[in-house]
Amino acid sequence: MIIKGGTVYDPTNGIFGEEMDISIENGKVVEKAKTGDVIDAKGLLVMPGGVDAHAHIAGAKVNTGRIMRPEDGRRGLEPKTKLLRPSTGYTVPNCYAMGYRYARLGYTTTFEAATPIIESRHTHEELEEIPIIDKGALTLFGNNWEVLECARDGDIDKLAAYISWGLRASRGYGVKVVNPGGGEAWGFGGNVTGLDDPVPDFDVTPREIIRSLMKANEMLRLPHSVHLHTNNLGKPGNYATTLETLKAVEDIASSMDRQVLHITHMQFSAYGGTGWRDFESKAPEIADYFNKHDQFTMDMGQLIFGSATTMTADAPLEYANARLLHAKWSNHDIELEESSGVVPLSYGRKMPINAIQWAIGLELALLTESPWKILMTTDHPNGGPFVNYPEVMTLLMSKPKRDEEIATLHSLVPKRSTLATLDRELDWGEIAIMTRAAPAKILGLKDKGHLGIGADADVTIYNLNPEKIDPSKDYKKVKEAFSLAKYNVKGGEVVVKDGEIVSLPQGRTYWVDATVPEEHALRVEADLVDKFTKYYSIQKSNYMVQDAYVTNPMVVKAGVI
Amino acid sequence: MVVLLKTIMISGRTLGQGATCESKTSSEFFKATSFCSLSEGDYNNLRIKEGENVLVTAPFGQVVVSAQNDDGLPPGVIFIPMGPWANVLVGPDTGGCGTPQYKGIEVEVEATDMKVKDVRELFADLDKAERKVRS
Amino acid sequence: MIIEDVLCPFCGCLCDDIKVEVEENQIVGVKRACRLGSSKIRGHERIKAPMIRVDGKLVETTYEDAYEKAARILLNAKRPLLYGWCSTVCEAQKKGVLLAEELGAIIDSTATVCHGPSIIGIEEKGLAGSTLGQIKNRADLIVFWGSNPGEAHPRHAQRYSSNSQGKYTPEGRKGRKVIVVDVRKTRTAKNADKFIQIRPGTDYEIISALRMIVAGKGDTLPEHIAGVSKADLEEVAEMMKSARFGSFLFGLGLTHTRGRYKNIDNALSLVAALNSHTKFVVMAMRGHYNVTGFGQVCAWETGFPMSVDFSRGMPYFNPGETAACDVLGRRETDAMLVIAGDPASNFPKTVVEGMADIPVIQIDPFENPTTYLSDVVIPSAVAGVEVEGTAYRMDGLSLRMKKLVDSEYPSDEEILANILECVRRLRDDN
């Protein structure tokens, strides 16, 4: 197939608005296709398929959200068609809706943000049922007993071997860390208050956990860096913890051509003030730090007004949310590994805290000079559902739109955030970086997020002419165009045409198979045998995710050299 | 004189019922599920003769089961293992939530010389072998 | 040959340490399983062949014929009900949802006569829970409310709760307190440190009273609440508040009695409130080994965990209106498929009457009273013994059931796939 004459944005390869053809053969971008269909993309915006590096799309937490929120299931109902199964849900869509809606947005790859090892079978059962998109899952390592013990002992070799084993057991892609140490403390209802607050009974601090995991991650040469949800997330004044965390790891070098640490949904970790009364944005301080340091990346975690379902392994945070908002509260602590919570809530324009939070996400993106350092996300569905990505994109591209929105918000916004003073409007190239090129690079997906020779043929054509439309003024048209792709080509196959799903290929599930020296693998094995004998409630032989649950794998090799 | 005991029926799981629930046509299942338990006092008050059973009557049906006494039960509560005999007594109302009320049904209990039906007999009025249904 | 680490296909404990001895494709020994699991794994007499009812009699036929017949029945119906699902694996459940979607049928599981009210309670309040291993490793207080694991989940106490040992609970039973609340002194109550006997139908008031005491408002309570002394309740509340890690495990004593889901709502609120004093988790003691699995599969496929009506072409969920007992009770159902369940035995007889005048298809390895009401009977392989597949434990943990022996019988998944194929073919032919 040839996509002819589109106005192409392929930032990875330095292409910003060139009229060119994209040739596709056997699911890959090639120099020149021999034969095939022609898609006329003249005068239309062409980008690589969207890559979402952080969303909660599959697994126990998501399903808990569905089960406890039938009121959400009743929204977003779309009946079955000859091709499609029914869609349900807004913040917690059913599996089919997940795939269809991402595809209609022009996305082709999405990564599940957090899977606990022991419950990863469930994660994969759901991922298998999400059509079209390529996917992967990041495995949780921030509170596992084996991790805490290795970090306490400074045994990076054994920790690397445990990560290798854990990724295989969960068919996971990378190392996810959420409120390190706090999840274990929550086992008895506690939490950690900062980087140097020791985890009860384990004699190790969050600082040591993060550093150890990062060192092990780099030793293993994993495609992605450690992906961190900071301690004290959601608390006024937590920007100090965030900066302290970054400073705590400045000396650690990446072993690959990428960041050494990715901090996720930074909006929730960029708060000033001492309480809710003097709550304010510290986005400028955070952005300033990122502008001065090239080894770190983040994603926005933008708020969307309306209904959201918060779901996170930061269980103490969810308990606090539920109490504050008198909301229904689900909690799920996972033996030897993690905790999690799910709380439905609603973000209001006139709620001062929510309005400031909304401003913070946008501030972070606009104040960070390089779009390669900050991805566009809403931490779906914590900040808001991913179907609202076009809203975020147009807010970033249009100052008039931002001004219009700010006028509807609580009057505290201009006092507690600099957003209203920011004139910067991101252009097509910067948006393409934040939603395609950068997430792929940050995740270490070398064939995604770009349209160079050899890339996966994931291409989106949007129904707008980037030369003729001024996104600053015509943001309504831009949002409309971004909401329903004119074409979504996935692996060389047209999956969306004029906003309609026309094909349902099964995506691949990426996971990392990392090798380690046998000596350390055996030491981990001995620890695991001990833990399964004494503490786990299941047998070790029943623990690992079996092949049956990952029917279309894409295995990425890594390991200690 | 027939003693009519007003009592509350609850049904529930037992080891015997669970162990035989995949062989419901067996005599083991019959033994495990077609009886009721009463407190010793209630049992004695009913003056059940040797070889007799009890007739339990609820607004929606009545069933004959054999009777035992169980010192764990308080007076005024009759326990029947979950299953076809207990469910003759359960009404169709789902309380607006889809689940019938299997526990806490007001029943009357009296001694009887009627036999306990086996599981096939219990369903005789519904058994399609006894009726001709359009296929 | 001994097969190790077998998963038991009976109750919600989903024990995965069973040892099964197999010789010449026969199961000759089962170790570690309780009486319930052992009985299931060893097996029972099977339905020999597919049957179709002709002039009242069940006559043997071929699988192909049975699939065709079943497909015709379902296609001809205006309001078919696909019910059961809990004693089979997720792979079959997924086929069931697909079949229901394509037929515009109602799909419901045995949860609606079991812990359905718990699901509704969770929809109101959420579930502050954990995996069973957390209870094993941390709980120094176990509360069984309206639950009798001694008879329904025999290995639960040893593996996960009262008698288990873990990292923070090395003393096992000695290091814990067990409270049992029930209307009668059950087998479980005999192992309790404190037993509170309550009158049937008074759970809601007692839980409310406990909530008040926990919130420091016990002074306004009378000396007796529904026959239970305030002093007893104050003792229970104190035990709960002073636990390091408390757990509240409840069963059908709460879901089946007056109030149904409101009892659960109240219990969930109590546990949430206790969390402001100490760590407390709640666990629904699910009965069947994969009833949780159906809820999970149905939720991620349709957005709702049970009682889903597809007649509008998209899922509609309203237990009280769309649950199996509701539609059968209202005589709305005009055809029924029963799989891995026995509604004739387990529904109120007045509701079972709704099955007598409609065509019923049964898919099951074993004959049971539903067979007396069936018009098409399709014997299947036993999931977890003859068929491998996924199941979810009561705490939501998913594990893979093993296949221990070969079987001539088709799996539930295969049967459903065949019926679906017939449905599609017959529909296209029209």
# chains A, B, ... in the order shown; residues from 1 in each chain; ligands from 1
$ residues_around --residues "Leu210 (chain C)" --least-positions-apart "2" --cutoff "8 Å" --atoms "only C-alpha atoms" --output "ChimeraX atom specification"
/C:206-208,212-214,233-234,237,270
$ write_last_selection --atoms "C-alpha atoms" --output "PDB file, in the first residue's frame"
ATOM      1  CA  ILE C 206     -26.798  -5.812  64.504  1.00  0.00           C
ATOM      2  CA  ILE C 207     -24.354  -4.477  61.922  1.00  0.00           C
ATOM      3  CA  SER C 208     -25.856  -1.014  62.308  1.00  0.00           C
ATOM      4  CA  MET C 212     -22.584   2.982  65.919  1.00  0.00           C
ATOM      5  CA  ILE C 213     -20.380   1.514  68.607  1.00  0.00           C
ATOM      6  CA  VAL C 214     -17.322   1.739  66.346  1.00  0.00           C
ATOM      7  CA  LEU C 233     -21.511  -6.170  70.715  1.00  0.00           C
ATOM      8  CA  GLU C 234     -19.213  -3.784  72.540  1.00  0.00           C
ATOM      9  CA  ALA C 237     -16.382  -3.948  68.365  1.00  0.00           C
ATOM     10  CA  LEU C 270     -18.734  -1.311  58.700  1.00  0.00           C
TER      11      LEU C 270
END
$ select_by_dssp --residues "region 136-251 of chain A" --states "alpha helix (DSSP H)" --output "PyMOL selection string"
chain A and resi 145-153+156-170+182-185+206-219+239-248
$ closest_atom_pairs --of "chain C" --to "chain A" --cutoff "6 Å" --atoms "only C-alpha atoms" --output "tab-separated table"
residue	atom	partner	partner_atom	distance
C:Ile122	CA	A:Met68	CA	5.7
C:Glu123	CA	A:Met68	CA	4.2
C:Lys125	CA	A:Lys328	CA	4.5
C:Gly126	CA	A:Ser330	CA	4.5
C:Leu127	CA	A:Ser330	CA	4.3
C:Ala128	CA	A:Asn331	CA	4.3
C:Gly129	CA	A:His332	CA	4.9
C:Ser130	CA	A:Asp333	CA	4.3
C:Thr131	CA	A:Ile334	CA	5.4
C:Gly133	CA	A:Ser537	CA	4.9
C:Gln134	CA	A:Glu335	CA	4.9
C:Gly166	CA	A:Tyr535	CA	5.4
C:Lys279	CA	A:Gly189	CA	5.0
C:Trp300	CA	A:Asn94	CA	5.1
C:Glu301	CA	A:Asn94	CA	5.5
C:Thr302	CA	A:Asn94	CA	5.9
C:Gly303	CA	A:Gly73	CA	5.2
C:Gly313	CA	A:Pro79	CA	5.1
C:Met314	CA	A:Pro79	CA	4.6
$ residues_around --residues "region 13-23 of chain B" --least-positions-apart "5" --cutoff "8 Å" --atoms "only C-alpha atoms" --output "ChimeraX atom specification"
/B:28-29,32-33,81-82 /C:35-37,39-40,44-45,151-152,366-368
$ residues_around --residues "Gly272 (chain A)" --least-positions-apart "6" --cutoff "8 Å" --atoms "only C-alpha atoms" --output "PyMOL selection string"
chain A and resi 236-239+278-282
$ residues_around --residues "Arg211 (chain A)" --least-positions-apart "6" --cutoff "9 Å" --atoms "only C-alpha atoms" --output "VMD selection string"
chain A and resid 151 248 to 249 252
$ write_last_selection --atoms "C-alpha atoms" --output "PDB file, in the first residue's frame"
ATOM      1  CA  ALA A 151      17.368  -3.408  48.130  1.00  0.00           C
ATOM      2  CA  ALA A 248      18.453  11.133  44.610  1.00  0.00           C
ATOM      3  CA  VAL A 249      19.175   9.361  41.330  1.00  0.00           C
ATOM      4  CA  ILE A 252      22.736   6.810  37.913  1.00  0.00           C
TER       5      ILE A 252
END
$ residues_around --residues "region 58-62 of chain B" --least-positions-apart "2" --cutoff "6 Å" --atoms "only C-alpha atoms" --output "ChimeraX atom specification"
/B:56,88-89,91,107
$ interface_residues --of "chain B" --to "chain C" --cutoff "7 Å" --atoms "only C-alpha atoms" --output "PDB file with C-alpha atoms, in the first residue's frame"
ATOM      1  CA  ARG B  13     -24.630 -25.885  52.656  1.00  0.00           C
ATOM      2  CA  THR B  14     -23.489 -29.012  54.398  1.00  0.00           C
ATOM      3  CA  LEU B  15     -20.555 -31.302  53.780  1.00  0.00           C
ATOM      4  CA  GLY B  18     -21.689 -30.671  48.828  1.00  0.00           C
ATOM      5  CA  ALA B  19     -20.059 -34.048  48.478  1.00  0.00           C
ATOM      6  CA  GLU B  22     -22.820 -33.789  41.452  1.00  0.00           C
ATOM      7  CA  SER B  23     -24.760 -37.041  41.872  1.00  0.00           C
ATOM      8  CA  LYS B  24     -28.185 -35.765  42.737  1.00  0.00           C
ATOM      9  CA  THR B  25     -29.961 -38.905  41.692  1.00  0.00           C
ATOM     10  CA  GLY B  72     -26.555 -26.029  67.571  1.00  0.00           C
ATOM     11  CA  LEU B  73     -29.994 -24.770  66.582  1.00  0.00           C
ATOM     12  CA  PRO B  74     -31.929 -22.365  68.720  1.00  0.00           C
ATOM     13  CA  GLY B  83     -31.473 -28.312  47.536  1.00  0.00           C
ATOM     14  CA  PRO B  84     -34.738 -29.465  46.014  1.00  0.00           C
ATOM     15  CA  ASN B  87     -36.618 -25.036  47.722  1.00  0.00           C
ATOM     16  CA  VAL B  88     -40.193 -26.260  47.691  1.00  0.00           C
ATOM     17  CA  VAL B  90     -38.885 -20.769  49.006  1.00  0.00           C
ATOM     18  CA  GLY B  91     -41.023 -18.119  47.368  1.00  0.00           C
ATOM     19  CA  PRO B  92     -40.328 -16.455  44.012  1.00  0.00           C
ATOM     20  CA  THR B  94     -36.409 -11.642  44.632  1.00  0.00           C
ATOM     21  CA  GLY B  96     -35.989  -6.357  43.647  1.00  0.00           C
ATOM     22  CA  CYS B  97     -32.457  -7.689  43.475  1.00  0.00           C
ATOM     23  CA  GLY B  98     -32.724 -11.025  41.657  1.00  0.00           C
ATOM     24  CA  THR B  99     -32.053 -13.280  44.652  1.00  0.00           C
ATOM     25  CA  PRO B 100     -34.846 -15.257  46.308  1.00  0.00           C
ATOM     26  CA  GLN B 101     -34.994 -15.341  50.082  1.00  0.00           C
ATOM     27  CA  TYR B 102     -33.594 -18.756  50.990  1.00  0.00           C
ATOM     28  CA  LYS B 103     -33.262 -18.009  54.659  1.00  0.00           C
ATOM     29  CA  GLY B 104     -35.798 -16.718  57.110  1.00  0.00           C
ATOM     30  CA  LEU B 126     -42.899 -30.752  36.283  1.00  0.00           C
ATOM     31  CA  ASP B 127     -41.052 -33.766  34.881  1.00  0.00           C
ATOM     32  CA  LYS B 128     -41.283 -33.614  31.120  1.00  0.00           C
ATOM     33  CA  ALA B 129     -41.288 -37.398  30.952  1.00  0.00           C
ATOM     34  CA  GLU B 130     -44.703 -37.175  32.523  1.00  0.00           C
ATOM     35  CA  ARG B 131     -45.947 -34.556  30.121  1.00  0.00           C
ATOM     36  CA  LYS B 132     -45.847 -34.029  26.396  1.00  0.00           C
ATOM     37  CA  VAL B 133     -44.090 -30.794  25.519  1.00  0.00           C
ATOM     38  CA  SER B 135     -40.119 -30.043  20.956  1.00  0.00           C
TER      39      SER B 135
END
$ select_by_dssp --residues "region 399-462 of chain A" --states "strand (DSSP E or B)" --output "list of chain:residue names"
A:Asp456, A:Val459, A:Thr460, A:Ile461, A:Tyr462
